[in-house]
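Asks: The structure that follows is given in the form of structure tokens.
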Amino acid sequence: MTEKVRKELDAFDMLMQDHREVESLFREFEYLRQNGRNAGRVIANACAELKIHDTLETGIFYAAVDEAAGDEELDRLLDEAEEEHDTILELIEKLEQTPVDHKQRDAYFTTLAEHVKHHVLKDETERFPLVKQLERLDLDSITAAMKKRKAELIAEMGIAEADEETV
Ligand SMILES: [Fe+2]
């Protein structure tokens with residue numbers, strides 16, 4: 001077994017770790033699809049991960065950023081983030097209401113993946129760099145609130161937390 005180094009993740013690390021996890025599920029989905037295999041489990045996992053991510057990012061992270069922000073550019077970017085999250089949640093709802101054997105399900109998931117990839121790019125190249133410059137942001141308390149909520153959500157949803165803090 002490989003030696004793993006544990007370090008404390010902050011809120012940015014946690015959100016980016018979520019992004020990497022869903023990206024890897026998108027790659028797994030593509031692989032399964034190309035090999036004519038069922039991707040139902042991957043779709044369900046990605047939807048669960050994305051719902052947790054949304055709760056943490058919109059409900060805690062961007063809510064705190066919004067309070068600390070006073071910058072018009074950042075306000076505009078936060079509005080965009082909210083719209084992206086709304087669209088992503090609508091697509092998840094549509095997917096979850098689609099029967100598992102429905103032929104359009106993969107297409108819906110591909111659309112969801114495109115929206116998420118766009119959202120990830122905007123977070124990591126536009127919003128996070130600006131947020132990191134905010135002096136009034138209490139990153140420690142945001143991180144603590146996100147960790148607490150994430151543990152609760154994982155317990156509620158019955159998801160196994162695999163090496164969440166291991167990088
Ligand atoms: Fe995000």
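Within each chain, counting starts at residue 1; across the structure tokens, chains are named A, B, ... in the order shown, with ligands numbered 1 upward in that order.
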Using only C-alpha atoms and all ligand atoms, find each residue in chain A having at least one atom no more than 8 Å away from ligand 1; report its shortest atom-to-atom pair and that distance in Å (one decimal), rows by chain then rising number, as a tab-separated table.

Replies:
residue	atom	partner	partner_atom_place_in_ligand_line	distance
A:Leu15	CA	ligand 1	1 (Fe)	6.1
A:Met16	CA	ligand 1	1 (Fe)	7.3
A:Asp18	CA	ligand 1	1 (Fe)	7.5
A:His19	CA	ligand 1	1 (Fe)	6.4
A:His53	CA	ligand 1	1 (Fe)	6.6
A:Asp54	CA	ligand 1	1 (Fe)	7.0
A:Glu57	CA	ligand 1	1 (Fe)	6.2
A:Val116	CA	ligand 1	1 (Fe)	7.9
A:His119	CA	ligand 1	1 (Fe)	6.3
A:Val120	CA	ligand 1	1 (Fe)	5.5
A:Asp123	CA	ligand 1	1 (Fe)	6.0

Asks: Please identify the helix (DSSP H, G or I) residues within range 94-151 of chain A (assignment by DSSP from backbone atoms) and present them as a PyMOL selection string.

Replies: chain A and resi 94-97+105-132+139-151

Asks: From the options A:Lys150, A:Arg33, A:Lys7, A:Lys132, which residue's atoms come nearest to Leu50 in chain A, counting only C-alpha atoms?

Replies: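 Distance minimum relative to Leu50 in chain A lands on A:Lys150.
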
Asks: Give me the residues near Lys94 in chain A as a tab-separated table (two decimals) with C-alpha atoms, in the first residue's frame, where near means some atom within 12 Å (using only C-alpha atoms) and where sequence neighbours in that chain fewer than 5 positions away do not count.

Replies:
chain	number	residue	atom	x	y	z
A	47	CYS	CA	-25.45	13.13	-8.79
A	87	THR	CA	-28.98	24.70	-13.80
A	88	ILE	CA	-26.92	21.80	-12.48
A	89	LEU	CA	-29.55	21.00	-9.82
A	99	PRO	CA	-36.30	5.82	-15.44
A	100	VAL	CA	-32.94	4.00	-15.31
A	102	HIS	CA	-34.61	5.33	-20.49
A	104	GLN	CA	-32.13	9.55	-23.09
A	105	ARG	CA	-30.51	9.13	-19.67
A	106	ASP	CA	-26.94	9.03	-20.97
A	107	ALA	CA	-27.58	12.12	-23.08
A	108	TYR	CA	-28.94	13.98	-20.06
A	109	PHE	CA	-25.87	12.99	-18.09
A	111	THR	CA	-25.32	17.56	-20.78
A	112	LEU	CA	-24.94	17.68	-17.01

Asks: Measuring atom to atom with only C-alpha atoms, identify which of A:Leu32, A:Met146, A:Ala151, A:Val131 is nearest to Asp75 in chain A.

Replies: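 Going through A:Leu32, A:Met146, A:Ala151, A:Val131 one by one, the smallest distance to Asp75 in chain A is for A:Val131.
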
Asks: Pick the closest to Lys51 in chain A from A:Glu73, A:Asp138, A:Glu114, A:Glu96: which is it, counting only C-alpha atoms?

Replies: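 Once distances to Lys51 in chain A are computed over only C-alpha atoms, the minimum belongs to A:Glu96.
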
Asks: Hey, can you check how far CA of Phe29 in chain A sits from CA of Leu91 in chain A?

Replies: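 CA of Leu91 in chain A lies 16.5 Å from CA of Phe29 in chain A.
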
Asks: Compare A:Leu56, A:Asp79, A:Asn35, A:Ile43 by their minimum atom-to-atom distance to Ile154 in chain A, counting only C-alpha atoms, and give me the closest one.

Replies: A:Leu56

Asks: Would you compute the distance between CA of Thr58 in chain A and CA of Leu77 in chain A? Give it in Å to one decimal.

Replies: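 Value for the CA of Thr58 in chain A-CA of Leu77 in chain A distance: 12.6 Å.
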
Asks: By how many Å are CA of Asp10 in chain A and CA of Thr143 in chain A apart?

Replies: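 Pair CA of Asp10 in chain A / CA of Thr143 in chain A returns 5.5 Å.
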
Asks: Do a neighbour search on Ala46 in chain A at 10 Å with only C-alpha atoms, toss out local chain neighbours closer than 2 positions, and write the hits as a list in words.

Replies: Glu21, Val22, Glu23, Ser24, Leu25, Phe26, Phe29, Gly40, Arg41, Val42, Ile43, Ala44, Ala48, Glu49, Leu50, Lys51, Ile52, Ile92, Phe109, Leu112 and Ala113 of chain A

Asks: Can you work out which one of A:Ala145, A:Met157, A:Leu121, A:Leu134 has the shortest atom-to-atom distance to Asp71 in chain A, counting only C-alpha atoms?

Replies: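 Distance minimum relative to Asp71 in chain A lands on A:Leu134.
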